[in-house]
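Asks: input07.txt (compact mmCIF, C-alpha atoms) pasted underneath:
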```
# COMPACT_ATOMS: atom_id res chain seq x y z
CA MET A 287 86.02 143.01 185.40
CA PRO A 288 84.22 141.99 182.20
CA GLN A 289 81.19 139.82 182.76
CA ASP A 290 81.04 136.38 181.24
CA ILE A 291 78.84 136.31 178.15
CA PRO A 292 76.37 133.44 178.44
CA THR A 293 76.51 130.87 175.68
CA PRO A 294 73.27 131.02 173.67
CA LYS A 295 71.09 127.96 173.79
CA PRO A 296 71.22 125.80 170.64
CA ILE A 297 68.32 126.16 168.22
CA ARG A 298 66.32 122.94 168.31
CA LEU A 299 65.70 121.51 164.84
CA ALA A 300 62.96 119.14 163.77
CA VAL A 301 63.62 117.36 160.48
CA ALA A 302 60.55 116.16 158.58
CA GLY A 303 61.71 113.55 156.10
CA LEU A 304 64.88 111.49 156.29
CA GLY A 305 65.89 111.17 152.65
CA ALA A 306 69.05 112.62 151.14
CA ILE A 307 68.29 116.14 152.37
CA GLY A 308 66.97 115.35 155.84
CA PHE A 309 69.71 112.88 156.66
CA GLY A 310 72.31 115.36 155.39
CA VAL A 311 71.00 118.02 157.78
CA VAL A 312 71.04 115.62 160.73
CA ALA A 313 74.57 114.50 159.88
CA ALA A 314 75.77 118.11 159.61
CA VAL A 315 74.41 118.96 163.06
CA GLN A 316 75.61 115.77 164.74
CA SER A 317 79.12 116.08 163.28
CA GLY A 318 79.53 119.65 164.51
CA ARG A 319 79.58 121.14 161.00
CA LEU A 320 76.50 123.20 161.88
CA PRO A 321 77.18 124.75 165.29
CA GLY A 322 74.40 126.46 167.22
CA PHE A 323 71.83 123.76 166.48
CA GLU A 324 70.70 120.48 167.95
CA ILE A 325 68.30 117.88 166.59
CA GLY A 326 65.09 117.82 168.63
CA ALA A 327 63.24 115.16 166.66
CA VAL A 328 62.80 113.70 163.20
CA SER A 329 59.93 112.13 161.31
CA ALA A 330 59.91 109.71 158.40
CA ARG A 331 57.44 107.58 156.49
CA ASP A 332 59.03 104.39 157.86
CA ARG A 333 59.94 105.18 161.46
CA ASP A 334 61.61 101.84 162.16
CA ALA A 335 63.88 102.29 159.12
CA ALA A 336 64.61 105.85 160.24
CA ARG A 337 65.71 104.65 163.68
CA GLU A 338 68.04 102.13 162.04
CA ARG A 339 69.51 104.80 159.78
CA LEU A 340 70.09 107.15 162.72
CA ALA A 341 71.54 104.47 164.98
CA GLU A 342 75.18 105.40 164.38
CA ILE A 343 74.94 109.21 164.32
CA ALA A 344 71.88 110.12 166.42
CA PRO A 345 70.62 107.12 168.39
CA ASP A 346 68.86 109.20 171.06
CA VAL A 347 66.91 111.51 168.73
CA PRO A 348 63.14 110.85 168.92
CA VAL A 349 61.50 109.62 165.71
CA VAL A 350 57.87 110.75 165.79
CA ALA A 351 54.88 111.32 163.51
CA VAL A 352 54.94 114.54 161.48
CA GLY A 353 52.05 115.97 163.47
CA GLU A 354 53.99 115.53 166.71
CA LEU A 355 57.17 117.43 165.75
CA GLU A 356 56.32 120.97 166.87
CA PRO A 357 56.76 120.61 170.67
CA TYR A 358 60.26 119.19 170.15
CA ALA A 359 61.74 122.09 168.19
CA ASP A 360 62.05 125.81 167.50
CA LEU A 361 62.29 125.31 163.74
CA VAL A 362 61.36 122.58 161.28
CA VAL A 363 63.18 121.57 158.11
CA GLU A 364 60.52 120.23 155.73
CA CYS A 365 61.90 117.80 153.14
CA ALA A 366 59.02 115.38 152.85
CA PRO A 367 56.40 114.57 150.18
CA ALA A 368 54.47 117.69 149.20
CA ALA A 369 51.17 116.18 150.38
CA LEU A 370 52.42 116.44 153.98
CA PHE A 371 53.36 120.13 153.69
CA PRO A 372 50.37 121.60 155.62
CA GLU A 373 50.60 118.97 158.37
CA ILE A 374 54.30 119.72 158.89
CA VAL A 375 54.43 123.49 158.45
CA GLY A 376 51.05 124.46 159.97
CA PRO A 377 51.79 123.69 163.64
CA PHE A 378 55.12 125.54 163.55
CA VAL A 379 53.90 128.79 162.00
CA ARG A 380 50.77 128.67 164.19
CA ALA A 381 53.12 128.61 167.19
CA GLY A 382 55.09 131.58 165.85
CA LYS A 383 58.03 129.42 164.79
CA LYS A 384 60.00 129.08 161.56
CA ALA A 385 59.80 126.46 158.82
CA VAL A 386 62.57 125.92 156.26
CA VAL A 387 60.78 124.27 153.35
CA LEU A 388 61.84 122.30 150.28
CA SER A 389 58.36 121.54 148.89
CA VAL A 390 58.09 125.12 147.66
CA GLY A 391 55.49 124.22 145.06
CA ALA A 392 53.13 123.24 147.88
CA ILE A 393 53.02 126.87 149.00
CA LEU A 394 50.95 127.65 145.89
CA SER A 395 48.15 125.39 147.14
CA SER A 396 48.66 126.22 150.83
CA GLU A 397 48.78 130.01 150.79
CA HIS A 398 46.68 130.10 153.96
CA LEU A 399 49.83 129.02 155.80
CA VAL A 400 51.54 132.27 154.77
CA THR A 401 48.60 134.15 156.30
CA LEU A 402 48.81 131.95 159.40
CA ALA A 403 52.52 132.76 159.74
CA ALA A 404 51.82 136.49 159.43
CA GLU A 405 49.10 136.35 162.08
CA ASN A 406 51.28 134.49 164.60
CA GLY A 407 54.78 135.81 163.97
CA GLY A 408 55.95 132.67 162.21
CA GLN A 409 58.00 132.51 159.03
CA ILE A 410 58.28 130.19 156.03
CA ILE A 411 61.80 130.16 154.55
CA ALA A 412 62.62 128.67 151.14
CA PRO A 413 66.35 128.08 150.53
CA SER A 414 67.82 128.95 147.13
CA GLY A 415 68.20 125.23 146.49
CA ALA A 416 69.09 124.47 142.90
CA LEU A 417 68.67 128.04 141.63
CA LEU A 418 71.60 130.43 141.75
CA ALA A 419 69.40 133.26 140.45
CA LEU A 420 67.09 133.80 143.41
CA ASP A 421 69.07 136.63 145.00
CA ALA A 422 69.09 138.56 141.72
CA VAL A 423 65.40 137.90 141.05
CA THR A 424 64.43 138.94 144.58
CA ALA A 425 66.34 142.18 144.18
CA ALA A 426 64.87 142.85 140.72
CA ALA A 427 61.36 142.31 142.13
CA GLU A 428 61.83 145.45 144.23
CA GLY A 429 61.61 147.25 140.89
CA ARG A 430 59.67 146.06 137.82
CA ILE A 431 60.16 142.67 136.17
CA ALA A 432 58.80 142.28 132.66
CA SER A 433 59.32 138.54 132.21
CA VAL A 434 60.79 135.43 133.83
CA ARG A 435 61.33 132.22 131.88
CA MET A 436 62.92 128.95 132.95
CA ILE A 437 63.83 125.92 130.84
CA THR A 438 64.41 122.75 132.84
CA ARG A 439 66.01 119.65 131.34
CA LYS A 440 66.13 116.46 133.38
CA PRO A 441 67.18 112.84 132.91
CA VAL A 442 64.21 110.63 132.17
CA THR A 443 64.48 108.94 135.59
CA GLY A 444 64.09 112.32 137.28
CA LEU A 445 60.63 112.83 135.78
CA LEU A 446 59.11 109.36 135.84
CA GLY A 447 55.90 109.18 137.84
CA ALA A 448 55.00 112.86 137.53
CA PRO A 449 51.18 113.28 137.65
CA TYR A 450 51.19 115.50 134.54
CA LEU A 451 52.75 112.75 132.43
CA ASP A 452 50.17 110.20 133.58
CA GLU A 453 47.24 112.58 133.09
CA HIS A 454 48.31 113.43 129.52
CA GLY A 455 49.48 109.96 128.50
CA ILE A 456 53.07 111.06 127.90
CA ASP A 457 55.45 108.09 127.80
CA ILE A 458 59.08 109.03 128.38
CA ALA A 459 60.39 105.68 129.64
CA SER A 460 61.47 104.60 126.15
CA ALA A 461 62.58 108.03 124.92
CA THR A 462 65.66 108.06 122.67
CA ALA A 463 65.71 111.82 122.07
CA PRO A 464 64.79 114.91 124.11
CA ILE A 465 61.03 115.38 124.59
CA ARG A 466 59.38 118.62 125.66
CA VAL A 467 56.82 117.38 128.16
CA PHE A 468 55.47 120.69 129.46
CA SER A 469 55.17 124.38 128.58
CA GLY A 470 53.09 126.71 130.72
CA SER A 471 52.95 128.67 133.94
CA ALA A 472 54.88 127.92 137.11
CA ARG A 473 51.59 127.27 138.90
CA GLU A 474 50.64 124.57 136.39
CA ALA A 475 54.15 123.10 136.54
CA ALA A 476 54.08 122.86 140.32
CA ARG A 477 50.71 121.10 140.19
CA GLY A 478 51.76 118.64 137.48
CA PHE A 479 55.30 117.94 138.72
CA PRO A 480 55.11 118.25 142.53
CA ALA A 481 58.37 116.36 143.13
CA ASN A 482 60.30 118.02 140.30
CA LEU A 483 59.51 121.71 139.96
CA ASN A 484 59.99 123.25 143.39
CA VAL A 485 62.67 125.31 141.67
CA GLY A 486 60.05 126.84 139.38
CA ALA A 487 57.78 127.72 142.28
CA ALA A 488 60.69 129.30 144.17
CA LEU A 489 61.59 131.35 141.11
CA ALA A 490 57.98 132.47 140.69
CA LEU A 491 57.47 133.43 144.32
CA SER A 492 60.72 135.43 144.26
CA GLY A 493 59.71 137.39 141.17
CA ILE A 494 56.49 138.06 139.28
CA GLY A 495 54.33 135.26 140.63
CA PRO A 496 53.31 131.75 139.53
CA ASP A 497 50.92 132.80 136.78
CA ARG A 498 53.32 135.10 134.88
CA THR A 499 56.45 132.96 135.26
CA THR A 500 56.77 130.57 132.29
CA ILE A 501 58.30 127.10 132.47
CA GLU A 502 59.44 124.55 129.90
CA ILE A 503 60.29 121.01 130.98
CA TRP A 504 62.27 118.58 128.85
CA ALA A 505 63.00 114.90 129.42
CA ASP A 506 66.41 114.12 127.93
CA PRO A 507 67.71 110.52 127.93
CA ALA A 508 71.25 111.74 127.25
CA LEU A 509 71.47 113.76 130.48
CA THR A 510 72.83 112.63 133.83
CA ARG A 511 72.28 115.98 135.57
CA ASN A 512 69.31 118.30 136.17
CA THR A 513 69.82 121.55 134.28
CA HIS A 514 67.99 124.87 134.63
CA ALA A 515 68.32 127.93 132.41
CA ILE A 516 66.73 131.20 133.56
CA GLU A 517 66.06 134.37 131.61
CA VAL A 518 64.87 137.55 133.36
CA VAL A 519 64.05 140.94 131.87
CA ALA A 520 63.60 143.76 134.39
CA ASP A 521 63.96 147.53 134.60
CA SER A 522 67.04 147.13 136.81
CA ALA A 523 68.82 144.42 134.81
CA SER A 524 68.37 141.73 132.21
CA PHE A 525 70.19 138.51 132.95
CA SER A 526 70.37 134.84 132.12
CA MET A 527 71.88 132.02 134.12
CA SER A 528 72.22 128.27 133.89
CA ILE A 529 73.16 125.53 136.31
CA GLU A 530 73.79 121.78 136.09
CA ASN A 531 73.03 119.97 139.33
CA VAL A 532 74.64 116.68 140.29
CA PRO A 533 71.84 114.34 141.43
CA SER A 534 71.78 112.99 144.97
CA GLU A 535 70.85 109.39 145.80
CA ASN A 536 67.34 110.51 144.81
CA PRO A 537 67.45 111.36 141.07
CA LYS A 538 64.71 113.97 141.56
CA THR A 539 66.91 115.98 143.96
CA GLY A 540 70.28 117.62 143.35
CA ARG A 541 73.11 117.39 145.88
CA ILE A 542 73.28 121.17 146.07
CA THR A 543 69.74 121.30 147.47
CA ALA A 544 70.79 119.64 150.74
CA LEU A 545 73.81 121.92 150.94
CA SER A 546 71.56 124.94 150.39
CA VAL A 547 69.48 123.96 153.43
CA ILE A 548 72.63 123.72 155.55
CA ALA A 549 73.81 127.11 154.24
CA THR A 550 70.42 128.65 155.07
CA LEU A 551 70.58 127.32 158.63
CA ARG A 552 74.17 128.50 159.03
CA LYS A 553 73.13 132.06 158.12
CA MET A 554 70.75 132.09 161.08
CA THR A 555 73.62 132.00 163.59
CA ALA A 556 76.60 133.27 161.56
CA PRO A 557 78.37 136.51 162.65
CA LEU A 558 78.75 137.45 158.95
CA ARG A 559 75.88 136.86 156.54
CA MET A 560 76.36 137.07 152.77
CA GLY A 561 73.62 137.34 150.17
CA THR A 562 70.21 138.97 150.03
```
Go ahead and render the structure in this file as structure tokens.
Replies:
Amino acid sequence: MPQDIPTPKPIRLAVAGLGAIGFGVVAAVQSGRLPGFEIGAVSARDRDAARERLAEIAPDVPVVAVGELEPYADLVVECAPAALFPEIVGPFVRAGKKAVVLSVGAILSSEHLVTLAAENGGQIIAPSGALLALDAVTAAAEGRIASVRMITRKPVTGLLGAPYLDEHGIDIASATAPIRVFSGSAREAARGFPANLNVGAALALSGIGPDRTTIEIWADPALTRNTHAIEVVADSASFSMSIENVPSENPKTGRITALSVIATLRKMTAPLRMGT
């Protein structure tokens, strides 16, 4: 007689940050839309507010400090302010676990965590997020890429408060026409726009690196969506792509970003996996 196949244990998720992305992940798991996972713990800047927000869908999930997440979970989803990136990701990769990260730009200033992951069998995973080109760029990088260029256009509200604007005295609040606020490398863009240009860092890390990938950023008062246009020239293919992302409740984040995290997690347990 055939033996019963044991049901695999659910993968325990920690969610660091309970904004549009983090709450979306928790809701997907709790509703059964993301089978094979369970929420081990969450963290948020305001833990009392987080408990209130989770009251209806996950009242028994522990809400803890970011530095306390690792024992509760096999994998962390990082969707918090970039300044917390090392504190969130470090304990997981040190323990040989995985981290799905949204603050991709923070990798450029925390490259020691990649080394730490390699030394301990951990892994840092960056979802495609708002960029539909990452699979093609990753494949092209196995050959030779000559150039990668991205032009990002965002509503003014999506760029307000960026350190680069403050440091250079660029006022966009009263803009009545599109303003180019930045042109330079992906590394410089990630440093100057830590909450806005994770897409540029992801593109750079998938291709020819943060110093050779060029970025333009425009503030456009006429826009209601974040738009990205990408041009790649490689020995295997030359291609260009563009995408318009519908903003989430946070104007700095597109709705598709949260869905990309869920799709990344689903691939980890799916019997059929599509994409690079």
Asks: Please list, as a list in words, the residues that have an atom at most 8 Å away from (67.3, 125.4, 167.8) in the coordinates of this file, counting only C-alpha atoms.
Replies: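 Protein and nucleic acid residues near the point are Lys295, Pro296, Ile297, Arg298, Leu299, Gly322, Phe323, Glu324, Ile325, Gly326, Ala359, Asp360 and Leu361 of chain A.
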Asks: Any idea what's packed within 9 Å of Pro348 in chain A, counting only C-alpha atoms, ignoring anything in its chain fewer than 6 positions away? Could you give it as a list of chain:residue names?
Replies: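 Non-adjacent residues within range: A:Gly326, A:Ala327, A:Val328, A:Ser329, A:Arg337, A:Tyr358.
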Asks: Write the residues you've just listed into a file as an mmCIF file, in the coordinates of the input, and include C-alpha atoms for each of them.
Replies:
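Done, and the output landed in selection36.cif:
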```cif
data_model
loop_
_atom_site.group_PDB
_atom_site.id
_atom_site.type_symbol
_atom_site.label_atom_id
_atom_site.label_comp_id
_atom_site.auth_asym_id
_atom_site.auth_seq_id
_atom_site.Cartn_x
_atom_site.Cartn_y
_atom_site.Cartn_z
ATOM 1 C CA GLY A 326 65.090 117.820 168.630
ATOM 2 C CA ALA A 327 63.240 115.160 166.660
ATOM 3 C CA VAL A 328 62.800 113.700 163.200
ATOM 4 C CA SER A 329 59.930 112.130 161.310
ATOM 5 C CA ARG A 337 65.710 104.650 163.680
ATOM 6 C CA TYR A 358 60.260 119.190 170.150
#
```
Asks: Can you work out which one of A:Ala368, A:Ile494, A:Val423, A:Ala432 has the shortest atom-to-atom distance to Ser526 in chain A, counting only C-alpha atoms?
Replies: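 Closest residue, counting only C-alpha atoms: A:Val423.
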Asks: What's around range 514-522 of chain A at 6 Å? Count all atoms listed in the file, leave out sequence neighbours fewer than 2 positions away in its own chain, and write the answer as a compact mmCIF listing (two decimals) with C-alpha atoms, in the frame of the given file.
Replies:
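Done, and the output landed in result36.txt:
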```txt
# COMPACT_ATOMS: atom_id res chain seq x y z
CA ARG A 430 59.67 146.06 137.82
CA ILE A 431 60.16 142.67 136.17
CA ALA A 432 58.80 142.28 132.66
CA SER A 433 59.32 138.54 132.21
CA VAL A 434 60.79 135.43 133.83
CA ARG A 435 61.33 132.22 131.88
CA MET A 436 62.92 128.95 132.95
CA ILE A 437 63.83 125.92 130.84
CA THR A 438 64.41 122.75 132.84
CA SER A 524 68.37 141.73 132.21
CA PHE A 525 70.19 138.51 132.95
CA SER A 526 70.37 134.84 132.12
CA MET A 527 71.88 132.02 134.12
CA SER A 528 72.22 128.27 133.89
CA ILE A 529 73.16 125.53 136.31
```
Asks: By how many Å are CA of Val379 in chain A and CA of Ala403 in chain A apart?
Replies: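 So the answer is 4.8 Å.
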Asks: Using all atoms listed in the file for the distances, tell me which of A:Val349, A:Pro321, A:Leu489, A:Asp457 is nearest to Lys553 in chain A.
Replies: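 Under the stated criterion, the closest residue is A:Pro321.
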Asks: If you count only C-alpha atoms, which residues fall within 12 Å of Leu445 in chain A, apart from same-chain ones fewer than 6 positions away, as a PDB file with C-alpha atoms, keeping the file's coordinate frame?
Replies:
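Output file result_39.pdb is given in full below:
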```
ATOM      1  CA  THR A 438      64.410 122.750 132.840  1.00  0.00           C
ATOM      2  CA  ARG A 439      66.010 119.650 131.340  1.00  0.00           C
ATOM      3  CA  LEU A 451      52.750 112.750 132.430  1.00  0.00           C
ATOM      4  CA  ASP A 452      50.170 110.200 133.580  1.00  0.00           C
ATOM      5  CA  ILE A 456      53.070 111.060 127.900  1.00  0.00           C
ATOM      6  CA  ASP A 457      55.450 108.090 127.800  1.00  0.00           C
ATOM      7  CA  ILE A 458      59.080 109.030 128.380  1.00  0.00           C
ATOM      8  CA  ALA A 459      60.390 105.680 129.640  1.00  0.00           C
ATOM      9  CA  ILE A 465      61.030 115.380 124.590  1.00  0.00           C
ATOM     10  CA  ARG A 466      59.380 118.620 125.660  1.00  0.00           C
ATOM     11  CA  VAL A 467      56.820 117.380 128.160  1.00  0.00           C
ATOM     12  CA  PHE A 468      55.470 120.690 129.460  1.00  0.00           C
ATOM     13  CA  GLY A 478      51.760 118.640 137.480  1.00  0.00           C
ATOM     14  CA  PHE A 479      55.300 117.940 138.720  1.00  0.00           C
ATOM     15  CA  PRO A 480      55.110 118.250 142.530  1.00  0.00           C
ATOM     16  CA  ALA A 481      58.370 116.360 143.130  1.00  0.00           C
ATOM     17  CA  ASN A 482      60.300 118.020 140.300  1.00  0.00           C
ATOM     18  CA  LEU A 483      59.510 121.710 139.960  1.00  0.00           C
ATOM     19  CA  ILE A 503      60.290 121.010 130.980  1.00  0.00           C
ATOM     20  CA  TRP A 504      62.270 118.580 128.850  1.00  0.00           C
ATOM     21  CA  ALA A 505      63.000 114.900 129.420  1.00  0.00           C
ATOM     22  CA  ASP A 506      66.410 114.120 127.930  1.00  0.00           C
ATOM     23  CA  PRO A 507      67.710 110.520 127.930  1.00  0.00           C
ATOM     24  CA  ASN A 512      69.310 118.300 136.170  1.00  0.00           C
ATOM     25  CA  ASN A 536      67.340 110.510 144.810  1.00  0.00           C
ATOM     26  CA  PRO A 537      67.450 111.360 141.070  1.00  0.00           C
ATOM     27  CA  LYS A 538      64.710 113.970 141.560  1.00  0.00           C
ATOM     28  CA  THR A 539      66.910 115.980 143.960  1.00  0.00           C
TER      29      THR A 539
END
```
Asks: I'd like to know which of A:Ser469, A:Pro345, A:Ala313, A:Ala461 is closest to Leu446 in chain A, using all atoms listed in the file.
Replies: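 The closest residue to Leu446 in chain A is A:Ala461.
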Asks: Report as a PyMOL selection string all protein, DNA and RNA residues lying within 8 Å of Ser389 in chain A, evaluated on only C-alpha atoms, omitting residues in the same chain fewer than 4 positions from it.
Replies: chain A and resi 364-368+371+393+480-481+484
Asks: Kindly indicate which residue among A:Ala463, A:Glu342, A:Val363, A:His454 lies nearest to Val311 in chain A, using all atoms listed in the file for the distances.
Replies: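 Of all the options, A:Val363 lies closest to Val311 in chain A.
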Asks: Compile the contact shell of Ser471 in chain A as an NGL selection string: residues with an atom at most 7 Å away, counting all atoms listed in the file, same-chain residues fewer than 2 positions apart removed.
Replies: :A and (473-475 or 496-501)
Asks: Can you work out the spacing between CA of Ala508 in chain A and CA of Ser414 in chain A in Å, to one decimal?
Replies: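 If I compute the distance from CA of Ala508 in chain A to CA of Ser414 in chain A, I get 26.5 Å.
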Asks: Which is closer to Thr513 in chain A than all the others in A:Ala314, A:Leu402, A:Ala549, A:Val532, using only C-alpha atoms?
Replies: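 When distances to Thr513 in chain A are compared using only C-alpha atoms, the smallest one comes from A:Val532.
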Asks: When you count only C-alpha atoms, which of these residues is closest to Ala523 in chain A: A:Gly470, A:Gly495, A:Thr443, A:Ala422?
Replies: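 Among the listed residues, the smallest separation from Ala523 in chain A belongs to A:Ala422.
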Asks: Distance CA of Gly493 in chain A-CA of Val547 in chain A, one decimal place?
Replies: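 Separation of CA of Gly493 in chain A and CA of Val547 in chain A: 20.6 Å.
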Asks: N, CA, C and O atoms are what I want for range 298-321 of chain A; can you complete it accordingly and write them as a CSV table (one decimal), in the frame of the given file?
Replies:
```
chain,number,residue,atom,x,y,z
A,298,ARG,N,66.8,124.3,168.5
A,298,ARG,CA,66.3,122.9,168.3
A,298,ARG,C,65.7,122.7,166.9
A,298,ARG,O,64.7,123.5,166.6
A,299,LEU,N,66.2,121.8,166.2
A,299,LEU,CA,65.7,121.5,164.8
A,299,LEU,C,64.8,120.3,164.8
A,299,LEU,O,65.2,119.2,165.4
A,300,ALA,N,63.7,120.3,164.1
A,300,ALA,CA,63.0,119.1,163.8
A,300,ALA,C,63.2,118.9,162.3
A,300,ALA,O,63.2,119.9,161.5
A,301,VAL,N,63.4,117.7,161.9
A,301,VAL,CA,63.6,117.4,160.5
A,301,VAL,C,62.5,116.4,160.0
A,301,VAL,O,62.4,115.3,160.5
A,302,ALA,N,61.7,116.9,159.1
A,302,ALA,CA,60.6,116.2,158.6
A,302,ALA,C,60.9,115.5,157.2
A,302,ALA,O,61.0,116.2,156.2
A,303,GLY,N,61.3,114.3,157.3
A,303,GLY,CA,61.7,113.6,156.1
A,303,GLY,C,63.2,113.2,156.2
A,303,GLY,O,64.0,114.1,156.5
A,304,LEU,N,63.5,111.9,156.0
A,304,LEU,CA,64.9,111.5,156.3
A,304,LEU,C,65.5,110.9,155.0
A,304,LEU,O,66.2,109.9,155.1
A,305,GLY,N,65.2,111.5,153.9
A,305,GLY,CA,65.9,111.2,152.6
A,305,GLY,C,67.3,111.8,152.6
A,305,GLY,O,67.9,112.1,153.6
A,306,ALA,N,67.7,112.1,151.3
A,306,ALA,CA,69.0,112.6,151.1
A,306,ALA,C,69.2,114.0,151.8
A,306,ALA,O,70.3,114.2,152.4
A,307,ILE,N,68.2,114.8,151.8
A,307,ILE,CA,68.3,116.1,152.4
A,307,ILE,C,68.2,116.1,153.9
A,307,ILE,O,69.0,116.6,154.6
A,308,GLY,N,67.2,115.4,154.4
A,308,GLY,CA,67.0,115.4,155.8
A,308,GLY,C,68.1,114.7,156.6
A,308,GLY,O,68.6,115.2,157.6
A,309,PHE,N,68.6,113.6,156.0
A,309,PHE,CA,69.7,112.9,156.7
A,309,PHE,C,71.0,113.7,156.6
A,309,PHE,O,71.8,113.8,157.6
A,310,GLY,N,71.1,114.5,155.5
A,310,GLY,CA,72.3,115.4,155.4
A,310,GLY,C,72.3,116.5,156.4
A,310,GLY,O,73.3,116.8,157.0
A,311,VAL,N,71.1,117.0,156.7
A,311,VAL,CA,71.0,118.0,157.8
A,311,VAL,C,71.3,117.4,159.1
A,311,VAL,O,72.1,118.0,159.9
A,312,VAL,N,70.8,116.3,159.4
A,312,VAL,CA,71.0,115.6,160.7
A,312,VAL,C,72.5,115.3,160.9
A,312,VAL,O,73.1,115.6,161.9
A,313,ALA,N,73.1,114.8,159.8
A,313,ALA,CA,74.6,114.5,159.9
A,313,ALA,C,75.4,115.7,160.1
A,313,ALA,O,76.4,115.7,160.8
A,314,ALA,N,75.0,116.9,159.5
A,314,ALA,CA,75.8,118.1,159.6
A,314,ALA,C,75.7,118.6,161.0
A,314,ALA,O,76.7,119.1,161.6
A,315,VAL,N,74.5,118.5,161.7
A,315,VAL,CA,74.4,119.0,163.1
A,315,VAL,C,75.2,118.0,164.0
A,315,VAL,O,76.0,118.5,164.9
A,316,GLN,N,75.0,116.7,163.8
A,316,GLN,CA,75.6,115.8,164.7
A,316,GLN,C,77.1,115.8,164.6
A,316,GLN,O,77.8,115.5,165.6
A,317,SER,N,77.7,116.1,163.5
A,317,SER,CA,79.1,116.1,163.3
A,317,SER,C,79.8,117.4,163.7
A,317,SER,O,81.0,117.5,163.8
A,318,GLY,N,79.0,118.4,164.1
A,318,GLY,CA,79.5,119.6,164.5
A,318,GLY,C,79.8,120.6,163.4
A,318,GLY,O,80.3,121.7,163.6
A,319,ARG,N,79.4,120.2,162.1
A,319,ARG,CA,79.6,121.1,161.0
A,319,ARG,C,78.6,122.3,161.0
A,319,ARG,O,78.8,123.3,160.3
A,320,LEU,N,77.5,122.2,161.8
A,320,LEU,CA,76.5,123.2,161.9
A,320,LEU,C,76.3,123.6,163.3
A,320,LEU,O,75.3,123.2,164.0
A,321,PRO,N,77.3,124.4,163.9
A,321,PRO,CA,77.2,124.8,165.3
A,321,PRO,C,76.0,125.7,165.6
A,321,PRO,O,75.5,126.4,164.7
```
